[in-house]
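Q: Take this structure, written in structure tokens, and hold onto it; I'll ask about it next.
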Amino acid sequence: MENILMNGYLSIGEFSKLCGVPRKTLIFYDNIGVFSPAYKNEKNYRYYTLNQFDTFSILTDLRDIGMSLNDIKDYLNEKSPVNYLSMLKQENHKIKKRIAKLKRISNNIENKIKVTYSGINATKYEGPYIKKLDEEYLIVSDLCNSSQEVFMIDIIKFLNYCNLNDMDNGYPMGAMISQESIENKKYTKISKLVLKSDRKLEGCDIHIKKEGLYGCIIHKGSYETTYESYEKLLQYINECGYEIEGGSYENTLLDFFAVKSEEEYLTEVSIKIKKKRSTY
């Protein structure tokens with residue numbers, strides 16, 4: 001190394017150690033024209049100078065902030081204070097957008113954690129119960145209910161709509177069943193798809209699930225068997241001296257992401273209730 005330094009050059013192995021990168025990284029950068037050695041001998045061996053360390057450090061910094069190799073190449077070929085300032089502003093804007101996206105992802109994960117905890121804790125409910133629930137904002141989508149194929153298309157469109165408009169907060173998709181369908185024992189006839197929102201959003205259909213007293217039950221099993229839980233819940237509501245006032249809300253607690261089979265799915269069914277009117 002001393003002999004090479006005396007001649008003003010470092011071998012690719014020595015320069016790679018100095019920069020803390022593999023030799024293949026320097027070879028790759030050279031091949032695409034982003035960062036080339038100062039000198040190549042007749043055997044095509046690559047040699048670098050100590051002065052190139054600063055340029056390589058700039059390249060590494062730009063890569064760390066997410067700049068593409070093509071953009072880095074263009075900048076290194078056209079370095080100037082004005083171009084440097086413009087590049088930094090553009091990259092800073094991109095970074096802030098990524099930070100905002102990561103914050104949304106983190107918030108979604110936190111909501112998924114809360115829902116999963118709710119599912120785990122829901123095992124303590126062995127039958128129907130009455131509970132006071134807070135107000136919730138629900139993004140909704142009406143359904144055609146004309147066929148299974150159209151129903152699945154409606155679900156996909158709704159999920160894509162929420163994702164494209166950054167409305168997905170990490171909550172699982174739920175459903176609403178109309179009071180009419182419940183009274184006619186059509187417990188699987190979904191009237192609306194719903195997705196819980198942490199805030200009231202503008203520019204989309206929002207349904208407000210009102211604060212109040214709800215009759216609830218945790219249904220375990222596939223969606224096709226929810227009628228069993230509906231029958232138990234409605235009987236319980238009646239026996240407790242209440243009647244329903246509105247449709248039901250089905251809130252997924254554990255689904256295929258958390259459990260192995262449909263028999264282990266957990267769904268909380270809740271229906272707003274009120275005291276029966278006295279007949280006297």
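FYI, nothing fancy with the structure tokens labels: chains A, B, ... in order, residues from 1 per chain, ligands from 1 as they appear.
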Near Ala258 (chain A), counting only C-alpha atoms, which residues have an atom at most 12 Å away, once you skip same-chain residues fewer than 2 positions from it, shown as a VMD selection string?

A: chain A and resid 112 to 113 115 to 117 119 to 120 172 252 to 256 260 to 262 264 to 266

Q: Could those selected residues go to a file with C-alpha atoms, as a PDB file, in the first residue's frame?

A:
```
ATOM      1  CA  LYS A 112     -54.259  -3.565  13.885  1.00  0.00           C
ATOM      2  CA  ILE A 113     -52.601  -4.281  17.238  1.00  0.00           C
ATOM      3  CA  VAL A 115     -58.064  -4.792  17.090  1.00  0.00           C
ATOM      4  CA  THR A 116     -56.098  -7.997  17.637  1.00  0.00           C
ATOM      5  CA  TYR A 117     -55.936  -7.360  21.385  1.00  0.00           C
ATOM      6  CA  GLY A 119     -60.062 -10.190  19.571  1.00  0.00           C
ATOM      7  CA  ILE A 120     -57.898 -11.933  22.145  1.00  0.00           C
ATOM      8  CA  PRO A 172     -60.457  -4.551   9.106  1.00  0.00           C
ATOM      9  CA  THR A 252     -64.081  -8.160  12.459  1.00  0.00           C
ATOM     10  CA  LEU A 253     -61.751  -8.912  15.381  1.00  0.00           C
ATOM     11  CA  LEU A 254     -59.769 -11.930  14.163  1.00  0.00           C
ATOM     12  CA  ASP A 255     -59.647 -13.074  10.552  1.00  0.00           C
ATOM     13  CA  PHE A 256     -57.391 -15.089   8.246  1.00  0.00           C
ATOM     14  CA  LYS A 260     -55.739 -20.617  10.741  1.00  0.00           C
ATOM     15  CA  SER A 261     -59.337 -21.417   9.832  1.00  0.00           C
ATOM     16  CA  GLU A 262     -62.763 -19.814   9.436  1.00  0.00           C
ATOM     17  CA  GLU A 264     -61.676 -19.469  14.563  1.00  0.00           C
ATOM     18  CA  TYR A 265     -62.783 -16.149  13.049  1.00  0.00           C
ATOM     19  CA  LEU A 266     -64.147 -13.664  15.587  1.00  0.00           C
TER      20      LEU A 266
END
```

Q: Applying 8 Å and only C-alpha atoms, which residues near Asp168 (chain A) remain after dropping the ones on its own chain fewer than 5 positions away? List them as a PyMOL selection string.

A: chain A and resi 108+162-163+195+197

Q: May I ask which of the residues A:Tyr47, A:Tyr29, A:Phe35, A:Tyr249 is the closest one to Thr267 (chain A), counting only C-alpha atoms?

A: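 Looking only at the distances to Thr267 (chain A), the closest residue turns out to be A:Tyr249.
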
Q: Applying 9 Å and only C-alpha atoms, which residues near Val34 (chain A) remain after dropping the ones on its own chain fewer than 6 positions away? List them as a list of chain:residue names.

A: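 The residues satisfying every condition are A:Phe28, A:Leu59, A:Leu69, A:Asn70, A:Ile72, A:Lys73, A:Asp74, A:Leu76.
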
Q: Which residues of region 197-251 of chain A have any atom within 8 Å of an atom in region 175-180 of chain A when counting only C-alpha atoms, and what is the closest pair of atoms for each, with the distance in Å to one decimal? Order the rows by chain and rising number and write it as a Markdown table.

A:
```
| residue | atom | partner | partner_atom | distance |
| --- | --- | --- | --- | --- |
| A:Glu245 | CA | A:Gln179 | CA | 7.6 |
| A:Gly246 | CA | A:Gln179 | CA | 5.1 |
| A:Gly247 | CA | A:Gln179 | CA | 4.0 |
| A:Ser248 | CA | A:Ile177 | CA | 5.1 |
| A:Tyr249 | CA | A:Met176 | CA | 4.8 |
| A:Glu250 | CA | A:Ala175 | CA | 5.1 |
| A:Asn251 | CA | A:Ala175 | CA | 7.1 |
```

Q: Here is a test: counting only C-alpha atoms, which residue of A:Tyr236, A:Tyr137, A:Phe151, A:Tyr129 is nearest to Ile217 (chain A)?

A: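 Looking at the shortest contact to Ile217 (chain A), the residue is A:Tyr129.
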
Q: Please, which residues of region 49-136 of chain A, numbered as in this document, come out alpha helix (DSSP H) from DSSP, as a PyMOL selection string?

A: chain A and resi 52-64+69-77+81-121

Q: Go ahead and dump the residues you just picked, C-alpha atoms, as a tab-separated table (two decimals), in the first residue's frame.

A:
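Output file result.tsv follows:
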```tsv
chain	number	residue	atom	x	y	z
A	52	GLN	CA	-11.84	10.62	-4.74
A	53	PHE	CA	-12.88	9.74	-1.21
A	54	ASP	CA	-14.79	13.04	-0.91
A	55	THR	CA	-16.68	12.38	-4.15
A	56	PHE	CA	-17.54	8.86	-3.01
A	57	SER	CA	-18.77	10.24	0.33
A	58	ILE	CA	-21.11	12.60	-1.55
A	59	LEU	CA	-22.40	9.65	-3.59
A	60	THR	CA	-23.03	7.64	-0.41
A	61	ASP	CA	-24.85	10.54	1.25
A	62	LEU	CA	-27.07	11.03	-1.79
A	63	ARG	CA	-27.85	7.30	-1.87
A	64	ASP	CA	-28.72	7.40	1.84
A	69	LEU	CA	-28.11	6.45	-9.24
A	70	ASN	CA	-29.11	8.15	-12.49
A	71	ASP	CA	-29.91	11.39	-10.64
A	72	ILE	CA	-26.65	11.13	-8.72
A	73	LYS	CA	-24.76	10.66	-11.98
A	74	ASP	CA	-26.43	13.72	-13.49
A	75	TYR	CA	-25.67	15.81	-10.42
A	76	LEU	CA	-22.01	14.77	-10.18
A	77	ASN	CA	-21.58	15.75	-13.84
A	81	PRO	CA	-24.15	25.57	-5.71
A	82	VAL	CA	-27.46	26.22	-7.50
A	83	ASN	CA	-27.85	22.61	-8.60
A	84	TYR	CA	-26.83	21.41	-5.15
A	85	LEU	CA	-29.48	23.57	-3.47
A	86	SER	CA	-32.16	22.48	-5.94
A	87	MET	CA	-31.26	18.82	-5.46
A	88	LEU	CA	-31.38	19.10	-1.66
A	89	LYS	CA	-34.81	20.77	-1.74
A	90	GLN	CA	-36.21	18.07	-4.04
A	91	GLU	CA	-34.84	15.24	-1.96
A	92	ASN	CA	-36.01	16.84	1.29
A	93	HIS	CA	-39.53	17.04	-0.15
A	94	LYS	CA	-39.39	13.34	-1.05
A	95	ILE	CA	-38.14	12.47	2.44
A	96	LYS	CA	-40.99	14.37	4.10
A	97	LYS	CA	-43.48	12.47	1.92
A	98	ARG	CA	-41.89	9.17	2.93
A	99	ILE	CA	-41.99	10.17	6.59
A	100	ALA	CA	-45.70	10.99	6.30
A	101	LYS	CA	-46.29	7.63	4.63
A	102	LEU	CA	-44.34	5.79	7.33
A	103	LYS	CA	-46.37	7.57	10.00
A	104	ARG	CA	-49.59	6.37	8.31
A	105	ILE	CA	-48.22	2.84	8.15
A	106	SER	CA	-47.23	3.00	11.83
A	107	ASN	CA	-50.71	4.26	12.75
A	108	ASN	CA	-52.27	1.42	10.74
A	109	ILE	CA	-50.13	-1.14	12.55
A	110	GLU	CA	-51.07	0.33	15.93
A	111	ASN	CA	-54.77	0.03	15.03
A	112	LYS	CA	-54.26	-3.57	13.88
A	113	ILE	CA	-52.60	-4.28	17.24
A	114	LYS	CA	-55.56	-2.77	19.12
A	115	VAL	CA	-58.06	-4.79	17.09
A	116	THR	CA	-56.10	-8.00	17.64
A	117	TYR	CA	-55.94	-7.36	21.38
A	118	SER	CA	-59.71	-6.84	21.30
A	119	GLY	CA	-60.06	-10.19	19.57
A	120	ILE	CA	-57.90	-11.93	22.15
A	121	ASN	CA	-59.79	-10.33	25.03
```

Q: Using only C-alpha atoms, which protein or nucleic acid residues come within 7 Å of Lys272 (chain A)? Drop anything in the same chain fewer than 4 positions from it, and give the result as a list in words.

A: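 The filter keeps Gly212, Leu213, Tyr214, Gly215, Ile244, Glu245 and Gly246 of chain A.
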
Q: May I have the residues from that selection written out with N, CA, C and O atoms, as a short mmCIF file (atom, residue, chain, number, x, y, z; two decimals), in the first residue's frame?

A:
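Result saved to out24.cif:
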```cif
data_model
loop_
_atom_site.label_atom_id
_atom_site.label_comp_id
_atom_site.auth_asym_id
_atom_site.auth_seq_id
_atom_site.Cartn_x
_atom_site.Cartn_y
_atom_site.Cartn_z
N GLY A 212 -74.09 5.15 22.32
CA GLY A 212 -75.27 4.66 23.01
C GLY A 212 -75.13 3.24 23.49
O GLY A 212 -74.04 2.66 23.51
N LEU A 213 -76.25 2.68 23.86
CA LEU A 213 -76.31 1.33 24.40
C LEU A 213 -76.52 0.34 23.26
O LEU A 213 -77.41 0.52 22.43
N TYR A 214 -75.71 -0.70 23.26
CA TYR A 214 -75.78 -1.70 22.18
C TYR A 214 -75.86 -3.10 22.76
O TYR A 214 -75.23 -3.41 23.77
N GLY A 215 -76.67 -3.91 22.10
CA GLY A 215 -76.66 -5.33 22.38
C GLY A 215 -75.57 -5.94 21.51
O GLY A 215 -75.51 -5.69 20.31
N ILE A 244 -84.55 -3.42 19.36
CA ILE A 244 -83.52 -2.84 18.49
C ILE A 244 -84.04 -1.55 17.85
O ILE A 244 -85.23 -1.40 17.59
N GLU A 245 -83.12 -0.62 17.62
CA GLU A 245 -83.47 0.59 16.88
C GLU A 245 -82.40 0.85 15.83
O GLU A 245 -81.48 1.62 16.00
N GLY A 246 -82.52 0.12 14.74
CA GLY A 246 -81.56 0.24 13.65
C GLY A 246 -80.95 -1.09 13.30
O GLY A 246 -81.30 -2.13 13.89
#
```

Q: Where does DSSP see strand (DSSP E) in region 52-266 of chain A, if you list the residues as number ranges by chain?

A: A: 129-133, 136-142, 174-177, 192-197, 206-209, 212-220, 242-254, 266

Q: Find the residues around Ser11 (chain A) up to 7 Å (only C-alpha atoms counted), leave out those fewer than 2 positions away in its own chain, and share them as a PyMOL selection string.

A: chain A and resi 9+13-15+46-48

Q: So that I have them on file, write out the residues from the current selection with C-alpha atoms, as a PDB file, in the first residue's frame.

A:
```
ATOM      1  CA  TYR A   9      -2.947   5.634  -6.208  1.00  0.00           C
ATOM      2  CA  GLY A  13      -9.229  -3.391  -2.629  1.00  0.00           C
ATOM      3  CA  GLU A  14      -7.548  -0.681  -0.567  1.00  0.00           C
ATOM      4  CA  PHE A  15      -9.996   1.998  -1.645  1.00  0.00           C
ATOM      5  CA  ARG A  46      -8.711  -0.043 -11.180  1.00  0.00           C
ATOM      6  CA  TYR A  47      -6.825   2.548  -9.130  1.00  0.00           C
ATOM      7  CA  TYR A  48      -8.205   5.433  -7.073  1.00  0.00           C
TER       8      TYR A  48
END
```

Q: Would you please work out which residue, of A:Ser80, A:Asn44, A:Ser181, A:Thr226, is nearest to Glu268 (chain A) when using only C-alpha atoms?

A: A:Thr226

Q: Can you list, as a VMD selection string, every protein, DNA or RNA residue that comes within 7 Å of Ile139 (chain A) when you count only C-alpha atoms, leaving out same-chain residues fewer than 6 positions away?

A: chain A and resid 194 to 197 205 to 207

Q: If I take CA of Asn165 (chain A) and CA of Lys210 (chain A), how far is one from the other in Å, to one decimal?

A: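 CA of Lys210 (chain A) lies at a distance of 24.8 Å from CA of Asn165 (chain A).
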
Q: So what do you get for CA of Tyr187 (chain A) versus CA of Tyr227 (chain A), distance-wise?

A: 5.8 Å

Q: May I ask which of the residues A:Leu159, A:Glu263, A:Lys275, A:Leu143 is the closest one to Lys192 (chain A), counting only C-alpha atoms?

A: A:Leu143

Q: Find, counting only C-alpha atoms, the residue in A:Thr123, A:Asn51, A:Glu78, A:Arg277 that gets nearest to Pro37 (chain A).

A: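 Going through A:Thr123, A:Asn51, A:Glu78, A:Arg277 one by one, the smallest distance to Pro37 (chain A) is for A:Asn51.
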